[in-house]
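Undergrad: Here it is, the structure, as structure tokens.
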Amino acid sequence: MPAIFAIAILLALTVLSFLQTTHWKNSITLFENAIKVTENNCMAHNNLGIALFGKGELDKAIFHYKKALNIKPDTSEAIKNLGVALSEKGNFKEAAQYFSKALVINPDDWDSHYKLGGILAKRGKFNEAIRHFEEVIRINSGYAPVYNEIGIIFAQKGKLEKSNNFFSKAIQLESDCKEARDNLLILKQIMQQDEK
């Protein structure tokens with residue numbers, strides 16, 4: 001009799017486990033289910049936004065990042081994620097506002113400085129961009145891509161020697177930094193033409 005009882009319990013648990021795994025098929029269904037069964041779940045909305053962003057569903061991701069922020073407005077991860085999604089959609093001005101907000105919460109967030117610097121550079125605000133890129137260097141001096149970005153700005157400003165120094169620094173830090181290598185090669189060709 002105890003063996004039959006144990007088998008019945010095992011069978012019931014197996015069925016329950018199977019039913020529960022239907023909710024855990026993937027990240028999207030997992031977090032959608034978490035939102036259904038919990039109230040005001042900031043983390044579930046943010047994580048659903050991340051999963052949707054990963055699938056290229058930007059509008060839905062933005063919706064869930066905003067829901068997360070309605071629940072908990074100072075959630076820096078959701079703020080940054082919203083900035084990234086808006087930037088991906090080309091809404092640079094709005095994205096910049098969210099990265100700025102993330103920096104109010106954490107002024108030493110080098111990633112937000114980097115992303116905000118990139119947006120400012122795209123908008124032609126080179127001096128502001130450089131200030132944010134310099135903050136990245138202050139906080140995370142080994143991050144090669146930031147030196148490449150500064151090199152691009154100096155090249156656009158016609159300061160080729162400074163540009164050369166920053167591209168070289170990026171390569172020194174990360175020898176396989178293809179973008180910096182390509183930029184340095186183009187810059188050297190331009191500098192050689194200028195010498196003729």
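In the structure tokens, each chain is lettered A, B, ... as it comes, each chain's residues begin at 1, and ligands are numbered from 1 in order of appearance.
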Write out as a compact mmCIF listing (two decimals) with C-alpha atoms, in the first residue's frame which residues come within 6 Å of stretch 69-76 of chain A when counting only C-alpha atoms, dropping same-chain ones fewer than 3 positions away.
TA:
```txt
# COMPACT_ATOMS: atom_id res chain seq x y z
CA ASN A 40 3.34 45.47 -9.76
CA CYS A 42 8.91 45.70 -11.82
CA LYS A 66 7.99 51.92 -19.16
CA ILE A 79 16.04 53.20 -17.27
CA ALA A 102 20.53 56.81 -15.07
```
Undergrad: Find the spatial neighbours of A:Phe92, counting only C-alpha atoms, within a cut-off of 10 Å - ignore same-chain residues fewer than 2 positions away - and output them as an MDAnalysis selection string.
TA: chainID A and resid 83:90 94:98 116 118:120 122:123
Undergrad: Could you give me, as a PyMOL selection string, the residues within 8 Å of A:Ser112, counting only C-alpha atoms and dropping anything in the same chain fewer than 6 positions from it?
TA: chain A and resi 80+99-100+102-103
Undergrad: Take the residues from that selection and write them out as a compact mmCIF listing (two decimals), in the first residue's frame, keeping C-alpha atoms.
TA:
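Below is the file again35.txt, written as the result:
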```txt
# COMPACT_ATOMS: atom_id res chain seq x y z
CA LYS A 80 19.16 52.13 -19.17
CA PHE A 99 20.84 57.80 -19.92
CA SER A 100 21.11 61.19 -18.17
CA ALA A 102 20.53 56.81 -15.07
CA LEU A 103 23.57 58.98 -14.36
```
Undergrad: Dump as a Markdown table the rows for residues of stretch 85-163 of chain A within 10 Å of stretch 168-192 of chain A: closest atom pair and distance in Å with one decimal, only C-alpha atoms counted, ordered by chain and rising residue number.
TA:
```
| residue | atom | partner | partner_atom | distance |
| --- | --- | --- | --- | --- |
| A:Ser141 | CA | A:Leu173 | CA | 9.4 |
| A:Gly142 | CA | A:Leu173 | CA | 6.4 |
| A:Tyr143 | CA | A:Leu173 | CA | 7.5 |
| A:Ala144 | CA | A:Ala170 | CA | 4.4 |
| A:Pro145 | CA | A:Ala170 | CA | 6.4 |
| A:Val146 | CA | A:Ala170 | CA | 7.7 |
| A:Tyr147 | CA | A:Ala170 | CA | 5.2 |
| A:Asn148 | CA | A:Ala180 | CA | 5.4 |
| A:Glu149 | CA | A:Ala180 | CA | 8.7 |
| A:Ile150 | CA | A:Ala170 | CA | 9.8 |
| A:Gly151 | CA | A:Ala180 | CA | 8.4 |
| A:Ile152 | CA | A:Asn183 | CA | 7.8 |
| A:Ala155 | CA | A:Leu187 | CA | 7.8 |
| A:Leu160 | CA | A:Leu187 | CA | 7.3 |
| A:Glu161 | CA | A:Met191 | CA | 8.9 |
| A:Lys162 | CA | A:Ser168 | CA | 9.9 |
| A:Ser163 | CA | A:Leu187 | CA | 8.1 |
```
Undergrad: Restricted to N, CA and C atoms, what would the selected residues look like written as a JSON list (two decimals), in the first residue's frame?
TA:
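Below is the file that was written, out_15.json:
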```json
[["chain", "number", "residue", "atom", "x", "y", "z"],
["A", 141, "SER", "N", 39.21, 52.60, -17.29],
["A", 141, "SER", "CA", 40.26, 53.02, -18.24],
["A", 141, "SER", "C", 40.67, 51.93, -19.23],
["A", 142, "GLY", "N", 40.29, 50.70, -18.99],
["A", 142, "GLY", "CA", 40.67, 49.62, -19.89],
["A", 142, "GLY", "C", 39.66, 49.31, -20.98],
["A", 143, "TYR", "N", 38.64, 50.15, -21.13],
["A", 143, "TYR", "CA", 37.59, 49.90, -22.11],
["A", 143, "TYR", "C", 38.00, 50.49, -23.46],
["A", 144, "ALA", "N", 38.52, 49.65, -24.33],
["A", 144, "ALA", "CA", 39.09, 50.08, -25.62],
["A", 144, "ALA", "C", 38.13, 50.84, -26.52],
["A", 145, "PRO", "N", 36.86, 50.43, -26.66],
["A", 145, "PRO", "CA", 35.98, 51.14, -27.60],
["A", 145, "PRO", "C", 35.84, 52.64, -27.33],
["A", 146, "VAL", "N", 35.98, 53.06, -26.08],
["A", 146, "VAL", "CA", 35.82, 54.48, -25.79],
["A", 146, "VAL", "C", 36.96, 55.30, -26.41],
["A", 147, "TYR", "N", 38.16, 54.74, -26.45],
["A", 147, "TYR", "CA", 39.29, 55.43, -27.08],
["A", 147, "TYR", "C", 39.05, 55.56, -28.58],
["A", 148, "ASN", "N", 38.47, 54.53, -29.17],
["A", 148, "ASN", "CA", 38.13, 54.57, -30.59],
["A", 148, "ASN", "C", 37.12, 55.70, -30.86],
["A", 149, "GLU", "N", 36.11, 55.81, -30.00],
["A", 149, "GLU", "CA", 35.08, 56.85, -30.18],
["A", 149, "GLU", "C", 35.69, 58.25, -30.09],
["A", 150, "ILE", "N", 36.59, 58.44, -29.13],
["A", 150, "ILE", "CA", 37.24, 59.75, -29.01],
["A", 150, "ILE", "C", 38.11, 60.01, -30.23],
["A", 151, "GLY", "N", 38.79, 58.97, -30.71],
["A", 151, "GLY", "CA", 39.60, 59.10, -31.92],
["A", 151, "GLY", "C", 38.77, 59.55, -33.11],
["A", 152, "ILE", "N", 37.58, 59.00, -33.24],
["A", 152, "ILE", "CA", 36.69, 59.40, -34.34],
["A", 152, "ILE", "C", 36.32, 60.87, -34.23],
["A", 155, "ALA", "N", 39.22, 63.03, -35.21],
["A", 155, "ALA", "CA", 39.40, 62.98, -36.67],
["A", 155, "ALA", "C", 38.39, 63.90, -37.35],
["A", 160, "LEU", "N", 44.22, 65.33, -36.19],
["A", 160, "LEU", "CA", 44.63, 64.00, -36.62],
["A", 160, "LEU", "C", 45.63, 63.33, -35.68],
["A", 161, "GLU", "N", 46.57, 64.10, -35.13],
["A", 161, "GLU", "CA", 47.55, 63.51, -34.21],
["A", 161, "GLU", "C", 46.86, 62.97, -32.95],
["A", 162, "LYS", "N", 45.93, 63.77, -32.41],
["A", 162, "LYS", "CA", 45.18, 63.31, -31.24],
["A", 162, "LYS", "C", 44.37, 62.07, -31.59],
["A", 163, "SER", "N", 43.75, 62.10, -32.75],
["A", 163, "SER", "CA", 42.97, 60.96, -33.22],
["A", 163, "SER", "C", 43.85, 59.71, -33.30]]
```
Undergrad: Of the residues A:Asn46, A:Asp59, A:Asn41, A:Leu52, which is the one nearest to A:Thr29, using only C-alpha atoms?
TA: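 With only C-alpha atoms as the atom set, the closest residue is A:Leu52.
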Undergrad: Can you tell me which residues surround stretch 130-140 of chain A at a distance of at most 7 Å, considering only C-alpha atoms, apart from same-chain residues fewer than 4 positions away, and format the answer as a PyMOL selection string?
TA: chain A and resi 108+110+113-114+117+126+146+150
Undergrad: Once you have the residues from the selection above, write them out as a PDB file, in the first residue's frame, restricted to N, CA and C atoms.
TA:
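Saved the output as part-v6.pdb:
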```
ATOM      1  N   ASP A 108      28.651  57.128 -11.492  1.00  0.00           N
ATOM      2  CA  ASP A 108      29.806  56.329 -11.910  1.00  0.00           C
ATOM      3  C   ASP A 108      29.425  55.160 -12.817  1.00  0.00           C
ATOM      4  N   TRP A 110      29.666  53.809 -15.912  1.00  0.00           N
ATOM      5  CA  TRP A 110      30.457  54.085 -17.114  1.00  0.00           C
ATOM      6  C   TRP A 110      29.710  53.711 -18.389  1.00  0.00           C
ATOM      7  N   HIS A 113      27.477  56.524 -19.325  1.00  0.00           N
ATOM      8  CA  HIS A 113      28.313  57.602 -19.877  1.00  0.00           C
ATOM      9  C   HIS A 113      28.690  57.283 -21.324  1.00  0.00           C
ATOM     10  N   TYR A 114      29.065  56.031 -21.575  1.00  0.00           N
ATOM     11  CA  TYR A 114      29.478  55.621 -22.923  1.00  0.00           C
ATOM     12  C   TYR A 114      28.321  55.748 -23.913  1.00  0.00           C
ATOM     13  N   GLY A 117      27.470  59.406 -24.420  1.00  0.00           N
ATOM     14  CA  GLY A 117      28.510  60.008 -25.259  1.00  0.00           C
ATOM     15  C   GLY A 117      28.322  59.658 -26.723  1.00  0.00           C
ATOM     16  N   PHE A 126      30.083  67.248 -29.960  1.00  0.00           N
ATOM     17  CA  PHE A 126      31.350  66.565 -29.722  1.00  0.00           C
ATOM     18  C   PHE A 126      31.964  66.861 -28.358  1.00  0.00           C
ATOM     19  N   VAL A 146      35.979  53.058 -26.075  1.00  0.00           N
ATOM     20  CA  VAL A 146      35.820  54.484 -25.793  1.00  0.00           C
ATOM     21  C   VAL A 146      36.956  55.297 -26.414  1.00  0.00           C
ATOM     22  N   ILE A 150      36.585  58.440 -29.134  1.00  0.00           N
ATOM     23  CA  ILE A 150      37.241  59.749 -29.007  1.00  0.00           C
ATOM     24  C   ILE A 150      38.114  60.006 -30.230  1.00  0.00           C
TER      25      ILE A 150
END
```
Undergrad: When distances are computed from only C-alpha atoms, which of A:Ile153, A:Ala68, A:Ala61, A:Ile50 shows the smallest separation from A:Ile35?
TA: A:Ala68
Undergrad: Got a sec: who's within 10 Å of A:Glu32, counting only C-alpha atoms, leaving out chain neighbours fewer than 3 positions off, as a PyMOL selection string?
TA: chain A and resi 23-24+27-29+35-37+44-45+47-48
Undergrad: Could you please take those selected residues and save C-alpha atoms as a PDB file, in the first residue's frame?
TA:
```pdb
ATOM      1  CA  HIS A  23       4.878  28.418 -18.450  1.00  0.00           C
ATOM      2  CA  TRP A  24       8.685  28.176 -18.622  1.00  0.00           C
ATOM      3  CA  SER A  27      11.893  33.793 -21.196  1.00  0.00           C
ATOM      4  CA  ILE A  28       8.928  35.560 -22.736  1.00  0.00           C
ATOM      5  CA  THR A  29       6.322  33.077 -21.495  1.00  0.00           C
ATOM      6  CA  ILE A  35       3.245  39.427 -14.637  1.00  0.00           C
ATOM      7  CA  LYS A  36      -0.119  37.604 -14.680  1.00  0.00           C
ATOM      8  CA  VAL A  37       0.320  36.024 -11.255  1.00  0.00           C
ATOM      9  CA  ALA A  44       9.228  40.840 -14.468  1.00  0.00           C
ATOM     10  CA  HIS A  45       8.331  43.784 -16.730  1.00  0.00           C
ATOM     11  CA  ASN A  47      13.038  41.151 -17.843  1.00  0.00           C
ATOM     12  CA  LEU A  48      10.183  40.702 -20.317  1.00  0.00           C
TER      13      LEU A  48
END
```
Undergrad: Residues of stretch 41-161 of chain A in helix (DSSP H, G or I) according to DSSP, as a tab-separated table (two decimals) with C-alpha atoms, in the first residue's frame?
TA:
```tsv
chain	number	residue	atom	x	y	z
A	42	CYS	CA	8.91	45.70	-11.82
A	43	MET	CA	11.54	43.02	-12.36
A	44	ALA	CA	9.23	40.84	-14.47
A	45	HIS	CA	8.33	43.78	-16.73
A	46	ASN	CA	12.00	44.74	-17.12
A	47	ASN	CA	13.04	41.15	-17.84
A	48	LEU	CA	10.18	40.70	-20.32
A	49	GLY	CA	11.39	43.88	-22.00
A	50	ILE	CA	14.89	42.39	-22.24
A	51	ALA	CA	13.53	39.17	-23.78
A	52	LEU	CA	11.39	41.10	-26.28
A	53	PHE	CA	14.31	43.38	-27.16
A	54	GLY	CA	16.38	40.28	-27.86
A	58	LEU	CA	11.33	47.09	-29.75
A	59	ASP	CA	7.89	48.65	-29.27
A	60	LYS	CA	6.80	45.86	-26.92
A	61	ALA	CA	10.12	46.05	-25.07
A	62	ILE	CA	9.73	49.82	-24.63
A	63	PHE	CA	6.18	49.29	-23.33
A	64	HIS	CA	7.42	46.88	-20.63
A	65	TYR	CA	10.41	49.03	-19.65
A	66	LYS	CA	7.99	51.92	-19.16
A	67	LYS	CA	5.66	49.68	-17.13
A	68	ALA	CA	8.62	48.74	-14.93
A	69	LEU	CA	9.41	52.42	-14.43
A	70	ASN	CA	5.78	53.23	-13.61
A	71	ILE	CA	6.04	50.68	-10.81
A	76	SER	CA	18.44	52.10	-13.11
A	77	GLU	CA	18.51	48.88	-15.15
A	78	ALA	CA	15.06	49.58	-16.65
A	79	ILE	CA	16.04	53.20	-17.27
A	80	LYS	CA	19.16	52.13	-19.17
A	81	ASN	CA	17.32	49.39	-21.05
A	82	LEU	CA	14.71	51.93	-22.14
A	83	GLY	CA	17.48	54.24	-23.31
A	84	VAL	CA	19.05	51.45	-25.36
A	85	ALA	CA	15.72	50.49	-26.96
A	86	LEU	CA	14.88	54.11	-27.80
A	87	SER	CA	18.35	54.60	-29.26
A	88	GLU	CA	17.92	51.45	-31.36
A	92	PHE	CA	18.23	59.65	-29.74
A	93	LYS	CA	16.96	62.73	-27.93
A	94	GLU	CA	14.61	60.71	-25.71
A	95	ALA	CA	17.24	58.00	-25.22
A	96	ALA	CA	19.73	60.64	-24.05
A	97	GLN	CA	17.24	61.78	-21.41
A	98	TYR	CA	17.06	58.26	-19.99
A	99	PHE	CA	20.84	57.80	-19.92
A	100	SER	CA	21.11	61.19	-18.17
A	101	LYS	CA	18.53	60.01	-15.64
A	102	ALA	CA	20.53	56.81	-15.07
A	103	LEU	CA	23.57	58.98	-14.36
A	104	VAL	CA	21.66	60.99	-11.75
A	105	ILE	CA	21.01	57.70	-9.94
A	110	TRP	CA	30.46	54.08	-17.11
A	111	ASP	CA	28.14	52.25	-19.52
A	112	SER	CA	25.54	55.04	-19.36
A	113	HIS	CA	28.31	57.60	-19.88
A	114	TYR	CA	29.48	55.62	-22.92
A	115	LYS	CA	26.01	55.30	-24.42
A	116	LEU	CA	25.17	58.96	-23.77
A	117	GLY	CA	28.51	60.01	-25.26
A	118	GLY	CA	27.73	57.98	-28.37
A	119	ILE	CA	24.34	59.65	-28.78
A	120	LEU	CA	25.83	63.11	-28.27
A	121	ALA	CA	28.53	62.37	-30.86
A	122	LYS	CA	25.86	61.27	-33.37
A	126	PHE	CA	31.35	66.56	-29.72
A	127	ASN	CA	32.54	68.45	-26.63
A	128	GLU	CA	29.72	67.03	-24.50
A	129	ALA	CA	30.39	63.57	-25.92
A	130	ILE	CA	34.09	63.81	-25.06
A	131	ARG	CA	33.22	64.80	-21.47
A	132	HIS	CA	31.18	61.62	-21.08
A	133	PHE	CA	33.84	59.50	-22.79
A	134	GLU	CA	36.44	60.97	-20.41
A	135	GLU	CA	34.23	59.84	-17.52
A	136	VAL	CA	34.27	56.33	-18.99
A	137	ILE	CA	38.08	56.44	-19.01
A	138	ARG	CA	38.14	57.72	-15.42
A	139	ILE	CA	35.87	54.88	-14.26
A	144	ALA	CA	39.09	50.08	-25.62
A	145	PRO	CA	35.98	51.14	-27.60
A	146	VAL	CA	35.82	54.48	-25.79
A	147	TYR	CA	39.29	55.43	-27.08
A	148	ASN	CA	38.13	54.57	-30.59
A	149	GLU	CA	35.08	56.85	-30.18
A	150	ILE	CA	37.24	59.75	-29.01
A	151	GLY	CA	39.60	59.10	-31.92
A	152	ILE	CA	36.69	59.40	-34.34
A	153	ILE	CA	35.63	62.72	-32.83
A	154	PHE	CA	39.14	64.16	-33.05
A	155	ALA	CA	39.40	62.98	-36.67
A	156	GLN	CA	36.12	64.75	-37.45
A	160	LEU	CA	44.63	64.00	-36.62
A	161	GLU	CA	47.55	63.51	-34.21
```
